[in-house]
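A short worksheet on the structure shown next.
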Amino acid sequence: MQMQRIEGITDVLRAVKAARRGGRRIGLVPTMGALHRGHAALIERAAGDGCFTVVSIFVNPTQFGPNEDLARYPRPLESDLQVAMAAGADVVFTPATAEVYPPGFDTWVEVGGELTARLCGASRPGHFRGVATIVLKLFNMTEPDRAYFGEKDYQQLQVIRRLTRDLDLPLEVVPVPTVREEDGLAMSSRNKYLSSEARAVAPWLYKALKTAAEAAAASERNAGIIRRHALEVIASQPAFQIDYLEIVDGDSLRPLDELQPGAMMLAAVRLGGTRLIDNIRL
Ligand code: AMP
């Protein structure tokens, strides 16, 4: 069947209900567009699972801070439709901001501070409130059986898992591994902002994370020592400004002093005007 582009909220619900009557399970891939191979991996996974695959493209204003890049966020709709179709999407859902947030909209989803106040939440106040609110709204609009999220945005993935558990949402959250450029840089719509000089420096973030993972693989258990290994690699590139570099429990995101099973290193840096995030399992 041909991929459909749907803008209206009642129209998308009608399409998914029809697919469900036809015996399909519904897979949702929420995105902000500017689709790249990372997004394509989520779509391919949903389609490969046999789902009727809905890709939402919505640059959600409520998850951007006042000094962030909402106005200049890339919106290449035609190429997004091509990427989504090639990856196996059944529907690309592009709701209008005015329909998602009509005048008077004032209900918010707050996932607890333990998951949302630290790490990205510390430098982006209100970000996860905007994310949790739009994701719950998209779940209600498309009634998915499965929703696919990238491990690249690891804190976001944990926030969505918690939201789903705490509110008894009848769906499965499916994590998808990070897709990288050949030099290791995690694919991101924001990589387009990097100057060629910054683009050459950017892969050192993943090199630093790999250095930490290698130290862990060599049986180092002390989080402070592992962190120092990674910090040395980041410091070798003076263009980086570190926002955070932390070793945390992969479920609760609580900081760890000693490695334990499920430990992760999460990082955010600024490079020129661009903020990059990445993570690795230790
Ligand atoms: P975004 O459009 O940046 O909001 O991302 C939409 C979804 O794609 C989120 O679940 C992201 O975690 C996921 N995603 C973004 N970049 C990647 C990547 N490089 N690899 C895997 N998933 C990704």
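Ordering of the structure tokens sets the chain letters (A, B, ...); residue numbers start at 1 within each chain; ligands are numbered from 1 in the order shown.
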
I'd like the contact shell of Arg199 (chain A) - 12 Å cut-off, only C-alpha atoms, skipping same-chain residues fewer than 6 positions apart - returned as an mmCIF file with all heavy atoms, in the first residue's frame.
```cif
data_model
loop_
_atom_site.group_PDB
_atom_site.id
_atom_site.type_symbol
_atom_site.label_atom_id
_atom_site.label_comp_id
_atom_site.auth_asym_id
_atom_site.auth_seq_id
_atom_site.Cartn_x
_atom_site.Cartn_y
_atom_site.Cartn_z
ATOM 1 N N GLU A 181 27.740 7.757 12.438
ATOM 2 C CA GLU A 181 28.534 7.982 11.224
ATOM 3 C C GLU A 181 29.738 7.043 11.287
ATOM 4 O O GLU A 181 30.061 6.493 12.345
ATOM 5 C CB GLU A 181 29.023 9.436 11.166
ATOM 6 C CG GLU A 181 27.918 10.479 11.207
ATOM 7 C CD GLU A 181 27.188 10.637 9.882
ATOM 8 O OE1 GLU A 181 27.539 9.946 8.900
ATOM 9 O OE2 GLU A 181 26.245 11.453 9.833
ATOM 10 N N ASP A 183 32.797 7.628 11.457
ATOM 11 C CA ASP A 183 33.811 8.042 12.431
ATOM 12 C C ASP A 183 33.302 8.000 13.873
ATOM 13 O O ASP A 183 33.976 8.447 14.790
ATOM 14 C CB ASP A 183 34.350 9.442 12.094
ATOM 15 C CG ASP A 183 33.259 10.501 12.067
ATOM 16 O OD1 ASP A 183 32.128 10.229 12.544
ATOM 17 O OD2 ASP A 183 33.524 11.610 11.576
ATOM 18 N N GLY A 184 32.108 7.466 14.081
ATOM 19 C CA GLY A 184 31.611 7.266 15.441
ATOM 20 C C GLY A 184 30.614 8.308 15.912
ATOM 21 O O GLY A 184 29.885 8.080 16.880
ATOM 22 N N LEU A 185 30.555 9.458 15.251
ATOM 23 C CA LEU A 185 29.622 10.504 15.698
ATOM 24 C C LEU A 185 28.187 9.987 15.621
ATOM 25 O O LEU A 185 27.752 9.467 14.581
ATOM 26 C CB LEU A 185 29.775 11.745 14.805
ATOM 27 C CG LEU A 185 28.772 12.875 15.088
ATOM 28 C CD1 LEU A 185 28.956 13.449 16.495
ATOM 29 C CD2 LEU A 185 28.913 13.988 14.043
ATOM 30 N N ALA A 186 27.447 10.112 16.713
ATOM 31 C CA ALA A 186 26.037 9.700 16.721
ATOM 32 C C ALA A 186 25.259 10.599 15.761
ATOM 33 O O ALA A 186 25.403 11.821 15.787
ATOM 34 C CB ALA A 186 25.471 9.831 18.136
ATOM 35 N N MET A 187 24.456 9.972 14.896
ATOM 36 C CA MET A 187 23.671 10.780 13.959
ATOM 37 C C MET A 187 22.671 11.627 14.729
ATOM 38 O O MET A 187 22.068 11.178 15.700
ATOM 39 C CB MET A 187 22.936 9.872 12.993
ATOM 40 C CG MET A 187 23.904 9.177 12.090
ATOM 41 S SD MET A 187 23.098 8.689 10.587
ATOM 42 C CE MET A 187 24.550 8.155 9.702
ATOM 43 N N ARG A 190 20.823 17.765 14.521
ATOM 44 C CA ARG A 190 21.578 18.983 14.851
ATOM 45 C C ARG A 190 23.019 18.937 14.330
ATOM 46 O O ARG A 190 23.709 19.964 14.377
ATOM 47 C CB ARG A 190 21.569 19.223 16.359
ATOM 48 C CG ARG A 190 20.190 19.645 16.865
ATOM 49 C CD ARG A 190 20.216 20.072 18.329
ATOM 50 N NE ARG A 190 18.988 20.744 18.721
ATOM 51 C CZ ARG A 190 17.969 20.164 19.363
ATOM 52 N NH1 ARG A 190 18.029 18.892 19.683
ATOM 53 N NH2 ARG A 190 16.900 20.859 19.682
ATOM 54 N N ASN A 191 23.485 17.775 13.851
ATOM 55 C CA ASN A 191 24.846 17.737 13.294
ATOM 56 C C ASN A 191 24.982 18.684 12.103
ATOM 57 O O ASN A 191 26.094 19.115 11.788
ATOM 58 C CB ASN A 191 25.233 16.315 12.881
ATOM 59 C CG ASN A 191 25.404 15.393 14.082
ATOM 60 O OD1 ASN A 191 25.436 15.852 15.224
ATOM 61 N ND2 ASN A 191 25.500 14.101 13.826
ATOM 62 N N LYS A 192 23.849 19.000 11.455
ATOM 63 C CA LYS A 192 23.874 19.946 10.332
ATOM 64 C C LYS A 192 24.389 21.320 10.734
ATOM 65 O O LYS A 192 24.845 22.083 9.904
ATOM 66 C CB LYS A 192 22.450 20.150 9.778
ATOM 67 C CG LYS A 192 21.827 18.950 9.116
ATOM 68 C CD LYS A 192 20.515 19.361 8.424
ATOM 69 C CE LYS A 192 19.891 18.236 7.642
ATOM 70 N NZ LYS A 192 19.405 17.117 8.478
ATOM 71 N N TYR A 193 24.256 21.643 12.020
ATOM 72 C CA TYR A 193 24.690 22.968 12.481
ATOM 73 C C TYR A 193 26.213 23.067 12.586
ATOM 74 O O TYR A 193 26.747 24.162 12.745
ATOM 75 C CB TYR A 193 24.152 23.260 13.886
ATOM 76 C CG TYR A 193 22.653 23.293 14.054
ATOM 77 C CD1 TYR A 193 22.091 22.966 15.288
ATOM 78 C CD2 TYR A 193 21.796 23.680 13.035
ATOM 79 C CE1 TYR A 193 20.719 23.009 15.487
ATOM 80 C CE2 TYR A 193 20.429 23.719 13.233
ATOM 81 C CZ TYR A 193 19.892 23.389 14.461
ATOM 82 O OH TYR A 193 18.541 23.440 14.668
ATOM 83 N N LEU A 205 33.948 12.944 21.008
ATOM 84 C CA LEU A 205 33.035 12.674 22.123
ATOM 85 C C LEU A 205 32.846 11.159 22.260
ATOM 86 O O LEU A 205 32.962 10.604 23.358
ATOM 87 C CB LEU A 205 31.680 13.373 21.897
ATOM 88 C CG LEU A 205 30.595 13.057 22.927
ATOM 89 C CD1 LEU A 205 31.039 13.426 24.339
ATOM 90 C CD2 LEU A 205 29.295 13.790 22.573
ATOM 91 N N ALA A 239 37.987 22.681 21.834
ATOM 92 C CA ALA A 239 36.731 23.271 21.349
ATOM 93 C C ALA A 239 35.521 22.761 22.130
ATOM 94 O O ALA A 239 34.460 23.379 22.107
ATOM 95 C CB ALA A 239 36.552 22.975 19.856
ATOM 96 N N PHE A 240 35.676 21.619 22.822
ATOM 97 C CA PHE A 240 34.549 21.086 23.602
ATOM 98 C C PHE A 240 34.368 21.865 24.889
ATOM 99 O O PHE A 240 35.329 22.132 25.609
ATOM 100 C CB PHE A 240 34.825 19.635 24.013
ATOM 101 C CG PHE A 240 34.580 18.600 22.956
ATOM 102 C CD1 PHE A 240 35.497 17.573 22.763
ATOM 103 C CD2 PHE A 240 33.427 18.611 22.182
ATOM 104 C CE1 PHE A 240 35.279 16.587 21.812
ATOM 105 C CE2 PHE A 240 33.199 17.620 21.229
ATOM 106 C CZ PHE A 240 34.131 16.615 21.043
ATOM 107 N N LEU A 271 29.744 22.423 21.333
ATOM 108 C CA LEU A 271 30.807 22.516 20.338
ATOM 109 C C LEU A 271 30.380 23.625 19.397
ATOM 110 O O LEU A 271 29.392 23.468 18.658
ATOM 111 C CB LEU A 271 30.920 21.164 19.622
ATOM 112 C CG LEU A 271 31.991 21.014 18.549
ATOM 113 C CD1 LEU A 271 33.372 21.336 19.090
ATOM 114 C CD2 LEU A 271 31.967 19.595 17.992
ATOM 115 N N GLY A 272 31.105 24.769 19.446
ATOM 116 C CA GLY A 272 30.582 25.946 18.755
ATOM 117 C C GLY A 272 29.247 26.255 19.395
ATOM 118 O O GLY A 272 29.099 26.200 20.601
ATOM 119 N N THR A 274 26.611 24.361 19.108
ATOM 120 C CA THR A 274 25.775 23.162 19.025
ATOM 121 C C THR A 274 25.981 22.276 20.235
ATOM 122 O O THR A 274 27.106 22.114 20.716
ATOM 123 C CB THR A 274 26.141 22.371 17.743
ATOM 124 O OG1 THR A 274 26.005 23.250 16.629
ATOM 125 C CG2 THR A 274 25.236 21.166 17.547
ATOM 126 N N LEU A 276 25.812 18.558 21.743
ATOM 127 C CA LEU A 276 25.827 17.151 21.321
ATOM 128 C C LEU A 276 25.644 16.274 22.553
ATOM 129 O O LEU A 276 26.227 16.563 23.604
ATOM 130 C CB LEU A 276 27.176 16.789 20.682
ATOM 131 C CG LEU A 276 27.653 17.605 19.488
ATOM 132 C CD1 LEU A 276 29.044 17.141 19.068
ATOM 133 C CD2 LEU A 276 26.664 17.474 18.332
#
```

Selection as a ChimeraX atom specification: residues within 8 Å of ligand 1 by only C-alpha atoms and all ligand atoms: /A:29-39,41-42,57,59,148-154,156-157,176-180,186-189

Residues as selected, N, CA, C and O atoms, written as a compact mmCIF listing (two decimals), in the first residue's frame, can you do that?
```txt
# COMPACT_ATOMS: atom_id res chain seq x y z
N VAL A 29 6.59 5.85 15.61
CA VAL A 29 7.96 6.38 15.68
C VAL A 29 7.85 7.91 15.77
O VAL A 29 7.68 8.58 14.74
N PRO A 30 7.93 8.47 16.98
CA PRO A 30 7.84 9.92 17.11
C PRO A 30 9.16 10.59 16.72
O PRO A 30 10.22 10.17 17.19
N THR A 31 9.10 11.61 15.88
CA THR A 31 10.31 12.35 15.49
C THR A 31 10.00 13.84 15.37
O THR A 31 8.85 14.23 15.31
N MET A 32 11.09 14.61 15.28
CA MET A 32 10.95 16.03 14.94
C MET A 32 11.39 16.28 13.50
O MET A 32 11.65 17.43 13.12
N GLY A 33 11.48 15.23 12.70
CA GLY A 33 11.84 15.41 11.29
C GLY A 33 13.33 15.61 11.09
O GLY A 33 14.13 15.29 11.97
N ALA A 34 13.70 16.13 9.91
CA ALA A 34 15.11 16.15 9.49
C ALA A 34 15.66 14.73 9.61
O ALA A 34 16.69 14.48 10.24
N LEU A 35 14.92 13.81 9.00
CA LEU A 35 15.17 12.38 9.20
C LEU A 35 16.51 11.95 8.62
O LEU A 35 16.89 12.37 7.52
N HIS A 36 17.22 11.10 9.38
CA HIS A 36 18.51 10.57 8.95
C HIS A 36 18.49 9.06 9.19
O HIS A 36 17.44 8.50 9.56
N ARG A 37 19.63 8.41 9.04
CA ARG A 37 19.66 6.95 9.15
C ARG A 37 19.30 6.45 10.55
O ARG A 37 18.87 5.31 10.72
N GLY A 38 19.49 7.30 11.56
CA GLY A 38 19.06 6.91 12.91
C GLY A 38 17.55 6.77 12.97
O GLY A 38 17.02 5.76 13.47
N HIS A 39 16.85 7.77 12.44
CA HIS A 39 15.38 7.67 12.40
C HIS A 39 14.96 6.48 11.53
O HIS A 39 14.02 5.76 11.87
N ALA A 41 16.39 3.74 11.08
CA ALA A 41 16.54 2.46 11.80
C ALA A 41 15.31 2.19 12.67
O ALA A 41 14.87 1.05 12.79
N LEU A 42 14.75 3.24 13.28
CA LEU A 42 13.55 3.06 14.10
C LEU A 42 12.36 2.64 13.22
O LEU A 42 11.59 1.75 13.59
N ILE A 57 6.00 13.51 12.56
CA ILE A 57 7.00 14.57 12.40
C ILE A 57 6.37 15.83 12.98
O ILE A 57 5.40 16.36 12.44
N VAL A 59 7.83 19.30 15.20
CA VAL A 59 8.84 20.05 15.94
C VAL A 59 8.11 20.66 17.12
O VAL A 59 7.40 21.66 16.98
N TYR A 148 8.69 3.30 19.36
CA TYR A 148 10.12 3.09 19.13
C TYR A 148 10.89 4.36 19.45
O TYR A 148 10.57 5.43 18.94
N PHE A 149 11.92 4.22 20.30
CA PHE A 149 12.74 5.37 20.70
C PHE A 149 14.22 5.00 20.61
O PHE A 149 14.60 3.86 20.89
N GLY A 150 15.04 5.98 20.25
CA GLY A 150 16.46 5.74 20.09
C GLY A 150 17.20 5.79 21.42
O GLY A 150 16.90 6.62 22.28
N GLU A 151 18.18 4.90 21.57
CA GLU A 151 19.03 4.94 22.76
C GLU A 151 19.95 6.15 22.77
O GLU A 151 20.54 6.48 23.79
N LYS A 152 20.07 6.82 21.62
CA LYS A 152 20.91 8.01 21.58
C LYS A 152 20.44 9.02 22.62
O LYS A 152 21.25 9.66 23.29
N ASP A 153 19.12 9.18 22.73
CA ASP A 153 18.54 10.09 23.72
C ASP A 153 18.17 9.26 24.94
O ASP A 153 17.01 9.00 25.22
N TYR A 154 19.22 8.83 25.67
CA TYR A 154 19.01 7.79 26.67
C TYR A 154 18.13 8.27 27.82
O TYR A 154 17.26 7.54 28.30
N GLN A 156 15.86 10.55 27.70
CA GLN A 156 14.49 10.62 27.16
C GLN A 156 13.85 9.22 27.15
O GLN A 156 12.68 9.06 27.53
N LEU A 157 14.62 8.23 26.73
CA LEU A 157 14.09 6.85 26.71
C LEU A 157 13.65 6.43 28.11
O LEU A 157 12.56 5.85 28.28
N VAL A 176 15.96 1.36 20.47
CA VAL A 176 16.72 1.04 19.25
C VAL A 176 18.14 1.60 19.41
O VAL A 176 18.30 2.77 19.80
N PRO A 177 19.16 0.77 19.14
CA PRO A 177 20.55 1.22 19.34
C PRO A 177 20.90 2.45 18.48
O PRO A 177 20.34 2.66 17.41
N THR A 178 21.85 3.20 18.97
CA THR A 178 22.30 4.43 18.30
C THR A 178 22.96 4.12 16.96
O THR A 178 23.84 3.26 16.88
N VAL A 179 22.55 4.84 15.93
CA VAL A 179 23.18 4.73 14.62
C VAL A 179 24.23 5.84 14.51
O VAL A 179 23.95 7.00 14.86
N ARG A 180 25.43 5.47 14.05
CA ARG A 180 26.56 6.41 14.03
C ARG A 180 27.09 6.64 12.62
O ARG A 180 26.94 5.78 11.76
N ALA A 186 27.45 10.11 16.71
CA ALA A 186 26.04 9.70 16.72
C ALA A 186 25.26 10.60 15.76
O ALA A 186 25.40 11.82 15.79
N MET A 187 24.46 9.97 14.90
CA MET A 187 23.67 10.78 13.96
C MET A 187 22.67 11.63 14.73
O MET A 187 22.07 11.18 15.70
N SER A 188 22.51 12.87 14.28
CA SER A 188 21.58 13.80 14.92
C SER A 188 21.19 14.85 13.90
O SER A 188 22.01 15.27 13.08
N SER A 189 19.93 15.27 13.97
CA SER A 189 19.48 16.34 13.07
C SER A 189 20.31 17.60 13.30
O SER A 189 20.49 18.41 12.39
```

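Between CA of Gln237 (chain A) and CA of Tyr206 (chain A) the interatomic distance comes to 12.4 Å.
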
Residues near Ala46 (chain A), anyone? I mean within 9 Å using only C-alpha atoms, not counting same-chain ones fewer than 3 positions away, as a PDB file with all heavy atoms, in the first residue's frame.
```
ATOM      1  N   ILE A  26      -0.093  -1.575  15.717  1.00  0.00           N
ATOM      2  CA  ILE A  26       0.324  -0.219  15.348  1.00  0.00           C
ATOM      3  C   ILE A  26       1.684   0.072  15.983  1.00  0.00           C
ATOM      4  O   ILE A  26       1.873  -0.122  17.194  1.00  0.00           O
ATOM      5  CB  ILE A  26      -0.700   0.832  15.850  1.00  0.00           C
ATOM      6  CG1 ILE A  26      -2.153   0.429  15.492  1.00  0.00           C
ATOM      7  CG2 ILE A  26      -0.341   2.227  15.321  1.00  0.00           C
ATOM      8  CD1 ILE A  26      -2.423   0.211  14.034  1.00  0.00           C
ATOM      9  N   GLY A  27       2.626   0.555  15.170  1.00  0.00           N
ATOM     10  CA  GLY A  27       3.931   0.989  15.669  1.00  0.00           C
ATOM     11  C   GLY A  27       4.068   2.492  15.460  1.00  0.00           C
ATOM     12  O   GLY A  27       3.804   2.988  14.368  1.00  0.00           O
ATOM     13  N   LEU A  28       4.457   3.203  16.515  1.00  0.00           N
ATOM     14  CA  LEU A  28       4.638   4.657  16.397  1.00  0.00           C
ATOM     15  C   LEU A  28       6.119   5.002  16.525  1.00  0.00           C
ATOM     16  O   LEU A  28       6.806   4.519  17.435  1.00  0.00           O
ATOM     17  CB  LEU A  28       3.861   5.383  17.509  1.00  0.00           C
ATOM     18  CG  LEU A  28       4.097   6.903  17.580  1.00  0.00           C
ATOM     19  CD1 LEU A  28       3.543   7.618  16.342  1.00  0.00           C
ATOM     20  CD2 LEU A  28       3.483   7.499  18.858  1.00  0.00           C
ATOM     21  N   VAL A  29       6.595   5.847  15.613  1.00  0.00           N
ATOM     22  CA  VAL A  29       7.960   6.382  15.680  1.00  0.00           C
ATOM     23  C   VAL A  29       7.853   7.910  15.765  1.00  0.00           C
ATOM     24  O   VAL A  29       7.682   8.580  14.744  1.00  0.00           O
ATOM     25  CB  VAL A  29       8.784   5.977  14.442  1.00  0.00           C
ATOM     26  CG1 VAL A  29      10.202   6.549  14.542  1.00  0.00           C
ATOM     27  CG2 VAL A  29       8.837   4.461  14.274  1.00  0.00           C
ATOM     28  N   ALA A  41      16.386   3.739  11.077  1.00  0.00           N
ATOM     29  CA  ALA A  41      16.541   2.465  11.797  1.00  0.00           C
ATOM     30  C   ALA A  41      15.310   2.191  12.672  1.00  0.00           C
ATOM     31  O   ALA A  41      14.866   1.046  12.792  1.00  0.00           O
ATOM     32  CB  ALA A  41      17.809   2.498  12.658  1.00  0.00           C
ATOM     33  N   LEU A  42      14.752   3.240  13.283  1.00  0.00           N
ATOM     34  CA  LEU A  42      13.546   3.059  14.101  1.00  0.00           C
ATOM     35  C   LEU A  42      12.360   2.638  13.224  1.00  0.00           C
ATOM     36  O   LEU A  42      11.589   1.745  13.586  1.00  0.00           O
ATOM     37  CB  LEU A  42      13.193   4.362  14.834  1.00  0.00           C
ATOM     38  CG  LEU A  42      13.852   4.653  16.186  1.00  0.00           C
ATOM     39  CD1 LEU A  42      15.341   4.825  16.098  1.00  0.00           C
ATOM     40  CD2 LEU A  42      13.225   5.870  16.843  1.00  0.00           C
ATOM     41  N   ILE A  43      12.231   3.299  12.080  1.00  0.00           N
ATOM     42  CA  ILE A  43      11.104   3.013  11.177  1.00  0.00           C
ATOM     43  C   ILE A  43      11.232   1.586  10.631  1.00  0.00           C
ATOM     44  O   ILE A  43      10.255   0.825  10.598  1.00  0.00           O
ATOM     45  CB  ILE A  43      11.063   4.046  10.031  1.00  0.00           C
ATOM     46  CG1 ILE A  43      10.917   5.466  10.594  1.00  0.00           C
ATOM     47  CG2 ILE A  43       9.914   3.731   9.060  1.00  0.00           C
ATOM     48  CD1 ILE A  43      11.163   6.577   9.562  1.00  0.00           C
ATOM     49  N   ASP A  49       8.939  -5.380  12.435  1.00  0.00           N
ATOM     50  CA  ASP A  49       8.152  -6.085  13.450  1.00  0.00           C
ATOM     51  C   ASP A  49       6.736  -6.370  12.948  1.00  0.00           C
ATOM     52  O   ASP A  49       5.914  -6.914  13.694  1.00  0.00           O
ATOM     53  CB  ASP A  49       8.057  -5.243  14.732  1.00  0.00           C
ATOM     54  CG  ASP A  49       9.367  -5.232  15.520  1.00  0.00           C
ATOM     55  OD1 ASP A  49      10.267  -6.030  15.192  1.00  0.00           O
ATOM     56  OD2 ASP A  49       9.488  -4.407  16.457  1.00  0.00           O
ATOM     57  N   GLY A  50       6.448  -5.947  11.727  1.00  0.00           N
ATOM     58  CA  GLY A  50       5.124  -6.203  11.150  1.00  0.00           C
ATOM     59  C   GLY A  50       4.087  -5.149  11.507  1.00  0.00           C
ATOM     60  O   GLY A  50       2.900  -5.328  11.231  1.00  0.00           O
ATOM     61  N   CYS A  51       4.535  -4.059  12.126  1.00  0.00           N
ATOM     62  CA  CYS A  51       3.571  -3.033  12.549  1.00  0.00           C
ATOM     63  C   CYS A  51       3.097  -2.186  11.378  1.00  0.00           C
ATOM     64  O   CYS A  51       3.858  -1.935  10.428  1.00  0.00           O
ATOM     65  CB  CYS A  51       4.215  -2.086  13.568  1.00  0.00           C
ATOM     66  SG  CYS A  51       4.553  -2.854  15.151  1.00  0.00           S
ATOM     67  N   PHE A  52       1.860  -1.707  11.482  1.00  0.00           N
ATOM     68  CA  PHE A  52       1.393  -0.594  10.665  1.00  0.00           C
ATOM     69  C   PHE A  52       2.105   0.623  11.252  1.00  0.00           C
ATOM     70  O   PHE A  52       1.866   1.009  12.401  1.00  0.00           O
ATOM     71  CB  PHE A  52      -0.128  -0.457  10.785  1.00  0.00           C
ATOM     72  CG  PHE A  52      -0.707   0.663   9.975  1.00  0.00           C
ATOM     73  CD1 PHE A  52      -0.959   0.501   8.622  1.00  0.00           C
ATOM     74  CD2 PHE A  52      -1.028   1.876  10.585  1.00  0.00           C
ATOM     75  CE1 PHE A  52      -1.519   1.536   7.872  1.00  0.00           C
ATOM     76  CE2 PHE A  52      -1.574   2.909   9.840  1.00  0.00           C
ATOM     77  CZ  PHE A  52      -1.821   2.735   8.488  1.00  0.00           C
ATOM     78  N   THR A  53       3.050   1.182  10.476  1.00  0.00           N
ATOM     79  CA  THR A  53       4.039   2.088  11.062  1.00  0.00           C
ATOM     80  C   THR A  53       3.698   3.552  10.814  1.00  0.00           C
ATOM     81  O   THR A  53       3.632   3.996   9.662  1.00  0.00           O
ATOM     82  CB  THR A  53       5.435   1.755  10.503  1.00  0.00           C
ATOM     83  OG1 THR A  53       5.728   0.389  10.842  1.00  0.00           O
ATOM     84  CG2 THR A  53       6.504   2.671  11.074  1.00  0.00           C
ATOM     85  N   VAL A  54       3.464   4.260  11.912  1.00  0.00           N
ATOM     86  CA  VAL A  54       3.151   5.684  11.859  1.00  0.00           C
ATOM     87  C   VAL A  54       4.388   6.462  12.310  1.00  0.00           C
ATOM     88  O   VAL A  54       4.884   6.248  13.416  1.00  0.00           O
ATOM     89  CB  VAL A  54       1.971   6.035  12.792  1.00  0.00           C
ATOM     90  CG1 VAL A  54       1.680   7.531  12.759  1.00  0.00           C
ATOM     91  CG2 VAL A  54       0.734   5.220  12.418  1.00  0.00           C
ATOM     92  N   GLY A  88       9.936   2.191   5.095  1.00  0.00           N
ATOM     93  CA  GLY A  88       8.787   1.302   5.271  1.00  0.00           C
ATOM     94  C   GLY A  88       7.628   1.875   6.060  1.00  0.00           C
ATOM     95  O   GLY A  88       6.765   1.116   6.524  1.00  0.00           O
ATOM     96  N   ALA A  89       7.556   3.212   6.186  1.00  0.00           N
ATOM     97  CA  ALA A  89       6.434   3.821   6.916  1.00  0.00           C
ATOM     98  C   ALA A  89       5.126   3.634   6.147  1.00  0.00           C
ATOM     99  O   ALA A  89       5.113   3.651   4.915  1.00  0.00           O
ATOM    100  CB  ALA A  89       6.695   5.314   7.130  1.00  0.00           C
ATOM    101  N   ARG A 146       3.177  -0.465  20.020  1.00  0.00           N
ATOM    102  CA  ARG A 146       4.602  -0.340  20.291  1.00  0.00           C
ATOM    103  C   ARG A 146       5.049   1.055  19.894  1.00  0.00           C
ATOM    104  O   ARG A 146       4.599   1.571  18.863  1.00  0.00           O
ATOM    105  CB  ARG A 146       5.401  -1.338  19.446  1.00  0.00           C
ATOM    106  CG  ARG A 146       5.119  -2.753  19.795  1.00  0.00           C
ATOM    107  CD  ARG A 146       5.792  -3.656  18.789  1.00  0.00           C
ATOM    108  NE  ARG A 146       5.996  -4.946  19.416  1.00  0.00           N
ATOM    109  CZ  ARG A 146       7.070  -5.705  19.247  1.00  0.00           C
ATOM    110  NH1 ARG A 146       8.042  -5.330  18.450  1.00  0.00           N
ATOM    111  NH2 ARG A 146       7.173  -6.846  19.873  1.00  0.00           N
ATOM    112  N   ALA A 147       5.952   1.619  20.684  1.00  0.00           N
ATOM    113  CA  ALA A 147       6.525   2.920  20.326  1.00  0.00           C
ATOM    114  C   ALA A 147       8.036   2.783  20.370  1.00  0.00           C
ATOM    115  O   ALA A 147       8.597   2.195  21.303  1.00  0.00           O
ATOM    116  CB  ALA A 147       6.044   4.000  21.282  1.00  0.00           C
ATOM    117  N   TYR A 148       8.690   3.296  19.359  1.00  0.00           N
ATOM    118  CA  TYR A 148      10.122   3.085  19.130  1.00  0.00           C
ATOM    119  C   TYR A 148      10.892   4.356  19.455  1.00  0.00           C
ATOM    120  O   TYR A 148      10.570   5.431  18.939  1.00  0.00           O
ATOM    121  CB  TYR A 148      10.355   2.665  17.676  1.00  0.00           C
ATOM    122  CG  TYR A 148       9.710   1.325  17.372  1.00  0.00           C
ATOM    123  CD1 TYR A 148       8.344   1.241  17.099  1.00  0.00           C
ATOM    124  CD2 TYR A 148      10.446   0.151  17.399  1.00  0.00           C
ATOM    125  CE1 TYR A 148       7.739   0.012  16.857  1.00  0.00           C
ATOM    126  CE2 TYR A 148       9.855  -1.076  17.148  1.00  0.00           C
ATOM    127  CZ  TYR A 148       8.500  -1.138  16.885  1.00  0.00           C
ATOM    128  OH  TYR A 148       7.901  -2.347  16.657  1.00  0.00           O
TER     129      TYR A 148
END
```

query: DSSP says alpha helix (DSSP H) for which residues of region 211-262 of chain A? Put them as number ranges by chain?
result: A: 211-217, 223-235

- prompt: Can you tell me, as a ChimeraX atom specification, what residues are no more than 10 Å from Gly273 (chain A) when counting only C-alpha atoms, ignoring any on the same chain fewer than 4 positions away?
  reply: /A:193-195,198

Take the residues from that selection and put them in a file with all heavy atoms, as a CSV table (one decimal), in the first residue's frame.
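So out.csv came out as:
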```
chain,number,residue,atom,x,y,z
A,193,TYR,N,24.3,21.6,12.0
A,193,TYR,CA,24.7,23.0,12.5
A,193,TYR,C,26.2,23.1,12.6
A,193,TYR,O,26.7,24.2,12.7
A,193,TYR,CB,24.2,23.3,13.9
A,193,TYR,CG,22.7,23.3,14.1
A,193,TYR,CD1,22.1,23.0,15.3
A,193,TYR,CD2,21.8,23.7,13.0
A,193,TYR,CE1,20.7,23.0,15.5
A,193,TYR,CE2,20.4,23.7,13.2
A,193,TYR,CZ,19.9,23.4,14.5
A,193,TYR,OH,18.5,23.4,14.7
A,194,LEU,N,26.9,21.9,12.6
A,194,LEU,CA,28.4,22.0,12.9
A,194,LEU,C,29.2,22.6,11.7
A,194,LEU,O,28.9,22.2,10.5
A,194,LEU,CB,28.9,20.5,13.1
A,194,LEU,CG,28.3,19.8,14.4
A,194,LEU,CD1,28.7,18.3,14.4
A,194,LEU,CD2,28.8,20.5,15.7
A,195,SER,N,30.1,23.5,12.0
A,195,SER,CA,31.0,23.9,10.9
A,195,SER,C,31.9,22.8,10.6
A,195,SER,O,32.0,21.8,11.3
A,195,SER,CB,31.8,25.1,11.5
A,195,SER,OG,32.7,24.6,12.5
A,198,ALA,N,34.2,22.1,13.5
A,198,ALA,CA,33.6,21.4,14.6
A,198,ALA,C,33.2,20.0,14.2
A,198,ALA,O,33.3,19.1,15.1
A,198,ALA,CB,32.3,22.2,15.0
```

statement: One residue among A:Arg129, A:Arg221, A:Lys210, A:Arg227 is nearest to Leu245 (chain A) when using only C-alpha atoms, and that residue is A:Arg227

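CA of Val131 (chain A) to CA of Pro144 (chain A) spans 17.1 Å [interatomic distance, one decimal].
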
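Pairwise distance (CA of Cys120 (chain A), CA of Asp251 (chain A)) equals 15.6 Å.
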
statement: If you count only C-alpha atoms, the residue of A:Val159, A:Val12, A:Met265, A:Leu169 closest to Leu231 (chain A) turns out to be A:Met265

- request: Name the residues in contact with Gly8 (chain A) at a cut-off of 9 Å, using only C-alpha atoms, excluding same-chain residues fewer than 3 positions from it; report them as an MDAnalysis selection string.
  value: chainID A and resid 11:13 93:96 99
